[in-house]
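A quick write-up on the structure given underneath.
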Amino acid sequence: MSACPSALATAQAVPVNFVGHIATGLRAAGDGDDPAFLVGTALPDFASMRRTRLGPAVGTLADGIALPHATDHAIHAEGWFLDLERHLRDGLRRDGLPDGAARACAQVCPELLLDGALLADPSIARGVGTVYEGIAAPSDDVVDLVPDHEREGWRTHLVGVATRLDPFTYGDPAIVAGRLHMITSRRPRLTFDSALVYAVSARMAAVQPHVAASAREVLDRVSGAVTVTRSRRHWPFRR
């Protein structure tokens with residue numbers, strides 16, 4: 001990935017592509033109903049939001065937690081993603097965003113738009129609902145993934161995600177642009193003027209039809225790449 005470390009840190013502060021991770025998990029599980037596995041696919045994203053490091057897990061929860069790394073490797077190697085990131089970065093620079101802000105927004109925007117597009121699939125929307133049900137009342141296995149002194153805060157964080165974070169808003173470029181401005185404003189190297197929020201929103205809106213039209217094919221390719229990785233490692237849920 002070509003993004004600078006600060007841009008990567010910003011991406012970690014946003015629940016980037018957790019819908020994509022769940023969608024890939026549904027493919028990996030053969031669209032089966034395994035709540036622990038699906039919850040696991042989203043936990044690394046939610047942990048990154050809180051800057052929490054997850055400890056070892058067991059069983060299908062562990063299999064789910066392992067999936068996002070392979071998914072991210074596959075999506076970030078996609079020509080689709082790299083071309084879109086470059087297009088957005090260059091456009092945002094022309095719009096007046098500083099280099100760090102342009103890089104951060106260009107990295108995060110394609111994944112958030114992809115999440116929003118994938119939610120048009122009812123099976124993926126139901127999978128996200130399953131995950132939200134799981135974290136609204138997290139099991140002891142999930143809570144125990146962090147050290148003792150962090151567990152109450154981790155539980156509260158997960159419940160908060162389930163009650164306050166609506167991934168369907170990722171289909172609205174204006175909401176996403178405003179969220180990115182709020183997050184980057186805390187980082188001097190990535191901040192940009194509030195007057196440029198509209199420019200970010202406009203760039204996202206311009207590429208949104210392309211993302212929506214490509215979402216299914218991108219998921220197919222990423223899921224195929226992850227399936228190869230899982231087969232080599234003899235993970236469960238092979239078809």
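By order in the structure tokens, chains are A, B, ...; within a chain, residues start at 1; ligands start at 1, following the order shown.
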
Fewer than 4 positions away in the same chain doesn't count, so skip those; otherwise give me all residues within 7 Å of Glu85 of chain A, counting only C-alpha atoms, as a PDB file with all heavy atoms, in the first residue's frame.
```pdb
ATOM      1  N   PHE A  81      -8.883  -0.807  -6.797  1.00  0.00           N
ATOM      2  CA  PHE A  81      -8.688   0.039  -5.627  1.00  0.00           C
ATOM      3  C   PHE A  81      -7.554   1.034  -5.869  1.00  0.00           C
ATOM      4  O   PHE A  81      -7.688   2.229  -5.582  1.00  0.00           O
ATOM      5  CB  PHE A  81      -8.382  -0.813  -4.390  1.00  0.00           C
ATOM      6  CG  PHE A  81      -8.053  -0.006  -3.162  1.00  0.00           C
ATOM      7  CD1 PHE A  81      -9.052   0.502  -2.365  1.00  0.00           C
ATOM      8  CD2 PHE A  81      -6.733   0.271  -2.823  1.00  0.00           C
ATOM      9  CE1 PHE A  81      -8.752   1.268  -1.238  1.00  0.00           C
ATOM     10  CE2 PHE A  81      -6.424   1.029  -1.712  1.00  0.00           C
ATOM     11  CZ  PHE A  81      -7.442   1.530  -0.908  1.00  0.00           C
ATOM     12  N   ARG A  89      -6.955  10.858  -5.038  1.00  0.00           N
ATOM     13  CA  ARG A  89      -5.856  11.632  -4.453  1.00  0.00           C
ATOM     14  C   ARG A  89      -5.465  12.802  -5.358  1.00  0.00           C
ATOM     15  O   ARG A  89      -5.337  13.934  -4.893  1.00  0.00           O
ATOM     16  CB  ARG A  89      -4.656  10.715  -4.224  1.00  0.00           C
ATOM     17  CG  ARG A  89      -3.470  11.412  -3.539  1.00  0.00           C
ATOM     18  CD  ARG A  89      -2.336  10.435  -3.300  1.00  0.00           C
ATOM     19  NE  ARG A  89      -1.763   9.963  -4.545  1.00  0.00           N
ATOM     20  CZ  ARG A  89      -1.720   8.677  -4.917  1.00  0.00           C
ATOM     21  NH1 ARG A  89      -2.241   7.741  -4.144  1.00  0.00           N
ATOM     22  NH2 ARG A  89      -1.160   8.337  -6.059  1.00  0.00           N
ATOM     23  N   ALA A 106      -8.322   9.770   0.145  1.00  0.00           N
ATOM     24  CA  ALA A 106      -8.326   8.894  -1.031  1.00  0.00           C
ATOM     25  C   ALA A 106      -8.191   7.437  -0.647  1.00  0.00           C
ATOM     26  O   ALA A 106      -8.688   6.550  -1.347  1.00  0.00           O
ATOM     27  CB  ALA A 106      -7.194   9.291  -1.975  1.00  0.00           C
ATOM     28  N   GLN A 107      -7.537   7.158   0.475  1.00  0.00           N
ATOM     29  CA  GLN A 107      -7.409   5.776   0.925  1.00  0.00           C
ATOM     30  C   GLN A 107      -8.707   5.270   1.542  1.00  0.00           C
ATOM     31  O   GLN A 107      -9.130   4.131   1.293  1.00  0.00           O
ATOM     32  CB  GLN A 107      -6.286   5.647   1.955  1.00  0.00           C
ATOM     33  CG  GLN A 107      -6.131   4.222   2.475  1.00  0.00           C
ATOM     34  CD  GLN A 107      -5.132   4.116   3.599  1.00  0.00           C
ATOM     35  OE1 GLN A 107      -4.328   5.027   3.801  1.00  0.00           O
ATOM     36  NE2 GLN A 107      -5.173   3.028   4.339  1.00  0.00           N
ATOM     37  N   PRO A 110     -12.703   4.996  -0.971  1.00  0.00           N
ATOM     38  CA  PRO A 110     -13.161   3.852  -1.770  1.00  0.00           C
ATOM     39  C   PRO A 110     -13.721   2.722  -0.921  1.00  0.00           C
ATOM     40  O   PRO A 110     -14.703   2.070  -1.302  1.00  0.00           O
ATOM     41  CB  PRO A 110     -11.892   3.417  -2.507  1.00  0.00           C
ATOM     42  CG  PRO A 110     -11.045   4.639  -2.577  1.00  0.00           C
ATOM     43  CD  PRO A 110     -11.304   5.344  -1.284  1.00  0.00           C
TER      44      PRO A 110
END
```

inquiry  = List the spatial neighbours of Gly129 of chain A as a PyMOL selection string - criterion: any atom at most 12 Å away, only C-alpha atoms, same-chain residues fewer than 2 positions off excluded.
reply    = chain A and resi 19+22-23+33+35+38-39+42+119+122-127+131-136+162-163+166-168

ask   = Hey, can you check how far atom CA of Leu67 of chain A sits from atom CA of Phe46 of chain A?
value = 14.1 Å

Who sits within 9 Å of His181 of chain A, only C-alpha atoms, same chain under 4 positions skipped, as a ChimeraX atom specification = /A:101,105,176-177,185-186,191-194,196-197

query = What is the atom CA of Leu61 of chain A to atom CA of Ala29 of chain A distance in Å?
reply = 12.4 Å

request  = Among the residues of segment 46-197 of chain A, find those DSSP assigns to alpha helix (DSSP H) from the backbone and print them as a VMD selection string.
outcome  = chain A and resid 46 to 50 59 to 76 79 to 95 99 to 118 122 to 136 140 to 143 151 to 164 173 to 184 197

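Put simply, atom CA of Arg164 of chain A is 27.3 Å away from atom CA of Arg103 of chain A.
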
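With only C-alpha atoms as the atoms that count, the minimum distance from Phe18 of chain A to the choices A:Leu219, A:Val128, A:Ile75, A:Val200 is reached by A:Val128.
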
inquiry  = With only C-alpha atoms as the counted atoms, please give the residues lying no more than 8 Å from Leu112 of chain A, apart from itself and same-chain residues fewer than 5 positions off, as an MDAnalysis selection string.
reply    = chainID A and resid 16:17 170:171 176

Save out the residues we just selected, C-alpha atoms, as an mmCIF file, in the first residue's frame.
```
data_model
loop_
_atom_site.group_PDB
_atom_site.id
_atom_site.type_symbol
_atom_site.label_atom_id
_atom_site.label_comp_id
_atom_site.auth_asym_id
_atom_site.auth_seq_id
_atom_site.Cartn_x
_atom_site.Cartn_y
_atom_site.Cartn_z
ATOM 1 C CA VAL A 16 -13.095 0.912 7.261
ATOM 2 C CA ASN A 17 -14.506 -1.894 5.173
ATOM 3 C CA TYR A 170 -21.630 5.124 3.957
ATOM 4 C CA GLY A 171 -23.829 5.447 0.894
ATOM 5 C CA VAL A 176 -18.731 10.388 4.929
#
```

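Restricting the calculation to only C-alpha atoms, the smallest distance between Ala205 of chain A and any of A:Asp121, A:Asp172, A:Arg51, A:Asp148 is found for A:Asp172.
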
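Restricting the calculation to only C-alpha atoms, the smallest distance between Tyr198 of chain A and any of A:Gly160, A:Gly96, A:Gly64, A:Pro147 is found for A:Gly96.
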
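Counting only C-alpha atoms and comparing A:Ala225, A:Ala137, A:Val146, A:Leu88, the residue that lies closest to Arg53 of chain A is A:Val146.
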
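For His73 of chain A, the set of protein, DNA and RNA residues having any atom at most 10 Å away, when counting only C-alpha atoms and skipping those fewer than 5 positions along the same chain, is Met1, Pro68, Glu78, Val222, Ala225 and Val226 of chain A.
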